[in-house]
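The block underneath contains the structure these notes are about, expressed in structure tokens.
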Amino acid sequence: MTYRERRPPRGTGAGVACVWARDSATATEVTVVPDACVDVMWERQSGRLWVAGPDTQAHPAKSASLVGLRFRPGDTALGLPVSELLDARVDLADLWGSRADELRDRLVDADVEEAQRILLAALPTDPDPAVGAIRALAARGRAVRDMADELGLSERQLNRRSHAAFGYGPKMLHRVLRFQRALTLAREGLGFAEVAYRAGYADQPHLARDVRALAGQSLGELTSGRKP
């Protein structure tokens with residue numbers, strides 16, 4: 001199985017984290033861990049076109065060859081609150097109707113790069129500066145009250161906007177972003193105690209508990225191959 005991802009070409013895909021492809025001769029099961037992102041995926045063999053919402057726990061996925069577009073956390077614009085996609089896998093046609101059918105028809109004979117271009121052109125993004133500010137403050141671990149004060153919002157308004165944009169509130173967003181930061185550091189080869197310190201955990205046992213709760217595996221198991 002091979003997995004490749006790249007950033008969208010400059011000037012396209014505002015709000016898109018990357019486009020990616022996974023190729024396998026047979027259907028292969030992988031474990032997808034929380035990253036606060038929404039992905040739109042097209043399975044080349046079956047022609048299925050669907051949306052993977054943000055996860056709160058590890059999610060097993062099985063398929064052969066996929067082409068995908070991954071939105072940055074909070075920058076999805078599919079026409080509904082992202083909280084409605086939480087821990088869900090939904091056919092794009094259930095959200096877009098005939099628009100999704102037309103998009104799927106355009107993808108039928110496309111190779112990987114052409115399919116990525118089609119998805120980039122067809123899928124809207126919404127890089128809202130306020131959402132970007134919530135994302136940045138949550139990544140830094142700011143308290144909800146402090147975040148609301150800095151953004152000029154009430155705590156209720158902040159939570160409502162966070163659920164609509166990210167699928168969950170600022171505390172859970174911070175937890176997922178911190179977990180992804182730890183995963184990146186560990187895959188770079190840092191010792192787990194250093195990972196815990198740099199990612200903002202209280203200590204290494206705190207890191208271990210949180211990784212196990214979110215991913216269903218230990219950090220060592222997740223990073224054994226050192227691959228993203």
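Chain identifiers are assigned as A, B, and so on, following the order in which chains appear in the structure tokens; residues are numbered from 1 within each chain, and ligands are numbered from 1 in order of appearance.
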
List every residue of stretch 83-119 of chain A that has an atom at most 12 Å from any atom of stretch 29-39 of chain A, and for each one report the closest atom pair and its distance in Å to one decimal, counting only C-alpha atoms, with rows sorted by chain and then by increasing residue number, as a tab-separated table.
```
residue	atom	partner	partner_atom	distance
A:Ser83	CA	A:Val38	CA	11.0
A:Glu84	CA	A:Val38	CA	11.7
A:Leu85	CA	A:Val38	CA	8.6
A:Leu86	CA	A:Val38	CA	9.3
A:Asp87	CA	A:Pro34	CA	9.3
A:Ala88	CA	A:Val38	CA	10.1
A:Arg89	CA	A:Asp39	CA	9.7
A:Val90	CA	A:Asp39	CA	10.7
A:Asp91	CA	A:Asp39	CA	11.7
A:Leu92	CA	A:Asp39	CA	10.9
A:Leu119	CA	A:Asp39	CA	11.0
```

Write a file of the selected residues as an mmCIF file, in the first residue's frame, keeping N, CA and C atoms.
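Written file, out20.cif:
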```cif
data_model
loop_
_atom_site.group_PDB
_atom_site.id
_atom_site.type_symbol
_atom_site.label_atom_id
_atom_site.label_comp_id
_atom_site.auth_asym_id
_atom_site.auth_seq_id
_atom_site.Cartn_x
_atom_site.Cartn_y
_atom_site.Cartn_z
ATOM 1 N N SER A 83 -20.703 19.863 13.191
ATOM 2 C CA SER A 83 -21.136 18.994 14.292
ATOM 3 C C SER A 83 -22.063 17.882 13.802
ATOM 4 N N GLU A 84 -22.752 18.097 12.674
ATOM 5 C CA GLU A 84 -23.635 17.071 12.122
ATOM 6 C C GLU A 84 -22.845 15.954 11.436
ATOM 7 N N LEU A 85 -21.550 16.164 11.237
ATOM 8 C CA LEU A 85 -20.693 15.142 10.618
ATOM 9 C C LEU A 85 -19.788 14.466 11.641
ATOM 10 N N LEU A 86 -19.940 14.784 12.910
ATOM 11 C CA LEU A 86 -19.038 14.278 13.935
ATOM 12 C C LEU A 86 -19.057 12.754 13.981
ATOM 13 N N ASP A 87 -17.882 12.134 13.874
ATOM 14 C CA ASP A 87 -17.719 10.679 13.902
ATOM 15 C C ASP A 87 -18.571 9.981 12.837
ATOM 16 N N ALA A 88 -18.845 10.669 11.733
ATOM 17 C CA ALA A 88 -19.746 10.126 10.710
ATOM 18 C C ALA A 88 -19.045 9.960 9.373
ATOM 19 N N ARG A 89 -19.570 9.055 8.554
ATOM 20 C CA ARG A 89 -19.168 8.864 7.167
ATOM 21 C C ARG A 89 -20.446 8.956 6.340
ATOM 22 N N VAL A 90 -20.540 9.984 5.494
ATOM 23 C CA VAL A 90 -21.792 10.319 4.822
ATOM 24 C C VAL A 90 -21.553 10.459 3.327
ATOM 25 N N ASP A 91 -22.399 9.842 2.511
ATOM 26 C CA ASP A 91 -22.307 10.029 1.064
ATOM 27 C C ASP A 91 -22.538 11.497 0.733
ATOM 28 N N LEU A 92 -21.701 12.048 -0.150
ATOM 29 C CA LEU A 92 -21.840 13.454 -0.505
ATOM 30 C C LEU A 92 -23.203 13.727 -1.139
ATOM 31 N N LEU A 119 -11.675 17.756 -7.636
ATOM 32 C CA LEU A 119 -12.158 17.977 -6.271
ATOM 33 C C LEU A 119 -11.823 19.376 -5.782
#
```

Neighbour list for A:Gly13 as a PyMOL selection string, cut-off 12 Å, only C-alpha atoms, skip fewer than 5 positions in-chain: chain A and resi 6-8+18-19+69-72+75-77+116-127

Could you pull out the strand (DSSP E) residues of stretch 8-85 of chain A, going by DSSP on the backbone, and write them as a VMD selection string? chain A and resid 16 to 23 28 to 32 38 to 43 49 to 52 59 to 63 66 to 71

Please list as a ChimeraX atom specification every residue within 10 Å of stretch 153-160 of chain A, counting only C-alpha atoms and excluding residues in the same chain fewer than 6 positions away. /A:81,83,131,134,144-147,167-171

Compile the contact shell of A:Thr223 as a PyMOL selection string: residues with an atom at most 12 Å away, counting only C-alpha atoms, same-chain residues fewer than 3 positions apart removed. chain A and resi 180+182-192+211+215+217-220+226-228

How would the residues just picked look written out with all heavy atoms as a compact mmCIF listing (two decimals), in the first residue's frame?
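Generated file (result-v4.txt):
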```
# COMPACT_ATOMS: atom_id res chain seq x y z
N GLN A 180 -2.29 15.56 17.79
CA GLN A 180 -1.64 15.56 16.49
C GLN A 180 -0.23 16.14 16.58
O GLN A 180 0.69 15.67 15.91
CB GLN A 180 -2.48 16.34 15.48
CG GLN A 180 -3.65 15.56 14.91
CD GLN A 180 -3.19 14.42 14.02
OE1 GLN A 180 -2.22 14.53 13.27
NE2 GLN A 180 -3.89 13.29 14.10
N ALA A 182 1.72 15.94 19.20
CA ALA A 182 2.52 14.90 19.83
C ALA A 182 2.89 13.81 18.83
O ALA A 182 4.02 13.32 18.81
CB ALA A 182 1.77 14.30 21.01
N LEU A 183 1.93 13.44 17.98
CA LEU A 183 2.18 12.41 16.99
C LEU A 183 3.26 12.84 16.01
O LEU A 183 4.15 12.06 15.65
CB LEU A 183 0.87 12.12 16.26
CG LEU A 183 0.74 10.82 15.48
CD1 LEU A 183 1.07 9.61 16.34
CD2 LEU A 183 -0.68 10.70 14.91
N THR A 184 3.21 14.09 15.59
CA THR A 184 4.22 14.61 14.68
C THR A 184 5.61 14.58 15.32
O THR A 184 6.59 14.14 14.71
CB THR A 184 3.87 16.04 14.25
OG1 THR A 184 2.63 16.03 13.54
CG2 THR A 184 4.96 16.64 13.36
N LEU A 185 5.69 15.04 16.56
CA LEU A 185 6.98 15.06 17.26
C LEU A 185 7.53 13.65 17.46
O LEU A 185 8.73 13.40 17.28
CB LEU A 185 6.82 15.76 18.61
CG LEU A 185 6.54 17.26 18.56
CD1 LEU A 185 6.15 17.77 19.95
CD2 LEU A 185 7.74 18.03 18.04
N ALA A 186 6.65 12.72 17.82
CA ALA A 186 7.10 11.35 18.05
C ALA A 186 7.60 10.72 16.76
O ALA A 186 8.58 9.98 16.75
CB ALA A 186 5.97 10.52 18.65
N ARG A 187 6.93 11.03 15.65
CA ARG A 187 7.37 10.47 14.36
C ARG A 187 8.68 11.08 13.89
O ARG A 187 9.36 10.51 13.03
CB ARG A 187 6.27 10.68 13.32
CG ARG A 187 5.12 9.69 13.48
CD ARG A 187 3.95 10.00 12.58
NE ARG A 187 2.98 8.90 12.61
CZ ARG A 187 1.69 9.03 12.33
NH1 ARG A 187 1.20 10.22 12.00
NH2 ARG A 187 0.89 7.99 12.36
N GLU A 188 9.04 12.22 14.46
CA GLU A 188 10.34 12.82 14.15
C GLU A 188 11.45 12.18 14.96
O GLU A 188 12.63 12.49 14.76
CB GLU A 188 10.29 14.32 14.41
CG GLU A 188 9.41 15.08 13.41
CD GLU A 188 9.24 16.54 13.77
OE1 GLU A 188 9.72 16.95 14.86
OE2 GLU A 188 8.62 17.27 12.98
N GLY A 189 11.10 11.29 15.89
CA GLY A 189 12.10 10.55 16.63
C GLY A 189 12.39 11.06 18.03
O GLY A 189 13.30 10.56 18.69
N LEU A 190 11.63 12.04 18.53
CA LEU A 190 11.86 12.54 19.87
C LEU A 190 11.43 11.50 20.90
O LEU A 190 10.49 10.73 20.68
CB LEU A 190 11.08 13.83 20.11
CG LEU A 190 11.78 15.15 19.74
CD1 LEU A 190 11.94 15.26 18.23
CD2 LEU A 190 11.00 16.34 20.28
N GLY A 191 12.11 11.49 22.04
CA GLY A 191 11.69 10.64 23.15
C GLY A 191 10.34 11.08 23.67
O GLY A 191 9.98 12.26 23.58
N PHE A 192 9.59 10.15 24.23
CA PHE A 192 8.22 10.45 24.60
C PHE A 192 8.12 11.47 25.74
O PHE A 192 7.15 12.22 25.82
CB PHE A 192 7.48 9.17 24.96
CG PHE A 192 7.25 8.26 23.77
CD1 PHE A 192 6.75 6.98 23.95
CD2 PHE A 192 7.52 8.70 22.48
CE1 PHE A 192 6.54 6.14 22.86
CE2 PHE A 192 7.32 7.86 21.38
CZ PHE A 192 6.82 6.58 21.58
N VAL A 211 -3.37 9.67 24.44
CA VAL A 211 -3.18 8.99 23.16
C VAL A 211 -4.00 7.71 23.12
O VAL A 211 -4.68 7.42 22.11
CB VAL A 211 -1.69 8.70 22.92
CG1 VAL A 211 -1.51 7.76 21.73
CG2 VAL A 211 -0.92 9.99 22.68
N ALA A 215 -6.80 7.32 20.30
CA ALA A 215 -6.38 6.47 19.18
C ALA A 215 -6.60 4.98 19.40
O ALA A 215 -6.51 4.20 18.46
CB ALA A 215 -4.91 6.72 18.86
N GLN A 217 -4.60 3.06 20.76
CA GLN A 217 -3.28 2.44 20.69
C GLN A 217 -2.32 3.30 21.50
O GLN A 217 -2.61 4.45 21.82
CB GLN A 217 -2.77 2.36 19.25
CG GLN A 217 -3.65 1.60 18.28
CD GLN A 217 -3.07 1.63 16.88
OE1 GLN A 217 -1.97 1.15 16.63
NE2 GLN A 217 -3.82 2.20 15.94
N SER A 218 -1.15 2.73 21.79
CA SER A 218 -0.11 3.51 22.45
C SER A 218 0.61 4.38 21.42
O SER A 218 0.52 4.13 20.21
CB SER A 218 0.89 2.58 23.13
OG SER A 218 1.67 1.89 22.15
N LEU A 219 1.33 5.37 21.89
CA LEU A 219 2.11 6.20 20.99
C LEU A 219 3.18 5.37 20.27
O LEU A 219 3.47 5.61 19.10
CB LEU A 219 2.74 7.35 21.78
CG LEU A 219 3.40 8.47 20.95
CD1 LEU A 219 2.42 9.09 19.97
CD2 LEU A 219 3.97 9.55 21.88
N GLY A 220 3.75 4.41 20.97
CA GLY A 220 4.74 3.54 20.34
C GLY A 220 4.15 2.75 19.18
O GLY A 220 4.77 2.60 18.14
N ARG A 226 6.98 5.12 11.73
CA ARG A 226 7.46 6.48 11.52
C ARG A 226 6.86 7.11 10.26
O ARG A 226 7.51 7.89 9.58
CB ARG A 226 8.98 6.54 11.42
CG ARG A 226 9.70 5.97 12.61
CD ARG A 226 9.49 6.79 13.86
NE ARG A 226 10.24 6.29 14.98
CZ ARG A 226 10.05 6.63 16.25
NH1 ARG A 226 9.10 7.48 16.54
NH2 ARG A 226 10.77 6.13 17.20
N LYS A 227 5.62 6.73 9.90
CA LYS A 227 5.01 7.28 8.70
C LYS A 227 3.80 8.12 9.07
O LYS A 227 3.09 7.82 10.00
CB LYS A 227 4.57 6.14 7.75
CG LYS A 227 5.71 5.33 7.19
CD LYS A 227 5.18 4.23 6.28
CE LYS A 227 6.33 3.39 5.72
NZ LYS A 227 5.80 2.31 4.84
N PRO A 228 3.53 9.20 8.28
CA PRO A 228 2.35 10.01 8.53
C PRO A 228 1.08 9.27 8.13
O PRO A 228 1.14 8.33 7.35
CB PRO A 228 2.56 11.24 7.65
CG PRO A 228 3.43 10.77 6.54
CD PRO A 228 4.31 9.71 7.13
```

Would you give me, as JSON, numbers by chain, the residues in stretch 39-217 of chain A that DSSP reads as helix (DSSP H, G or I)? {"A": [82, 83, 84, 85, 92, 93, 94, 95, 96, 98, 99, 100, 101, 102, 103, 104, 105, 106, 107, 112, 113, 114, 115, 116, 117, 118, 119, 120, 121, 122, 129, 130, 131, 132, 133, 134, 135, 136, 137, 138, 139, 144, 145, 146, 147, 148, 149, 150, 151, 155, 156, 157, 158, 159, 160, 161, 162, 163, 164, 165, 166, 170, 171, 172, 173, 174, 175, 176, 177, 178, 179, 180, 181, 182, 183, 184, 185, 186, 187, 192, 193, 194, 195, 196, 197, 198, 199, 204, 205, 206, 207, 208, 209, 210, 211, 212, 213, 214, 215]}

Could you name the residues that touch A:Ala133 at 12 Å or less, counting only C-alpha atoms, but leaving out those on the same chain fewer than 3 positions away, as an MDAnalysis selection string? chainID A and resid 73:75 127:130 136:140 142 147:148 150:152 158 161:162 165 170

Just to be explicit: take each residue in the selection above, keep C-alpha atoms, and write the result as a PDB file, in the first residue's frame.
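Now in part-v2.pdb:
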```
ATOM      1  CA  PRO A  73      -9.825  22.226  10.795  1.00  0.00           C
ATOM      2  CA  GLY A  74     -12.728  24.675  10.657  1.00  0.00           C
ATOM      3  CA  ASP A  75     -12.436  25.556   6.970  1.00  0.00           C
ATOM      4  CA  PRO A 127     -11.268  30.195   5.639  1.00  0.00           C
ATOM      5  CA  ASP A 128     -13.083  32.448   8.124  1.00  0.00           C
ATOM      6  CA  PRO A 129     -10.537  34.615  10.018  1.00  0.00           C
ATOM      7  CA  ALA A 130     -12.531  34.192  13.244  1.00  0.00           C
ATOM      8  CA  ALA A 136      -4.867  29.107  16.839  1.00  0.00           C
ATOM      9  CA  LEU A 137      -5.972  29.850  20.410  1.00  0.00           C
ATOM     10  CA  ALA A 138      -7.150  26.274  20.954  1.00  0.00           C
ATOM     11  CA  ALA A 139      -3.813  24.952  19.698  1.00  0.00           C
ATOM     12  CA  ARG A 140      -2.095  27.057  22.352  1.00  0.00           C
ATOM     13  CA  ARG A 142      -5.963  28.874  26.079  1.00  0.00           C
ATOM     14  CA  MET A 147     -10.464  32.700  24.281  1.00  0.00           C
ATOM     15  CA  ALA A 148     -13.946  34.196  24.408  1.00  0.00           C
ATOM     16  CA  GLU A 150      -9.918  37.770  23.285  1.00  0.00           C
ATOM     17  CA  LEU A 151     -12.392  37.169  20.452  1.00  0.00           C
ATOM     18  CA  GLY A 152     -15.066  39.448  21.866  1.00  0.00           C
ATOM     19  CA  LEU A 158     -17.656  30.669  21.256  1.00  0.00           C
ATOM     20  CA  ARG A 161     -19.231  28.732  16.630  1.00  0.00           C
ATOM     21  CA  SER A 162     -16.679  26.079  17.504  1.00  0.00           C
ATOM     22  CA  ALA A 165     -16.953  24.981  12.407  1.00  0.00           C
ATOM     23  CA  PRO A 170     -12.684  24.447  22.089  1.00  0.00           C
TER      24      PRO A 170
END
```

Quick one: residues within 12 Å of A:Arg48, only C-alpha atoms counted, chain neighbours fewer than 6 positions away excluded, as a PyMOL selection string? chain A and resi 40-42+63-68+89-93+100-101+103-105+107-108

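Reported to one decimal place, the separation of atom CA of A:Glu5 from atom CA of A:Arg135 is 22.4 Å.
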
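Between atom CA of A:Ala110 and atom CA of A:Arg44 the separation is 8.9 Å.
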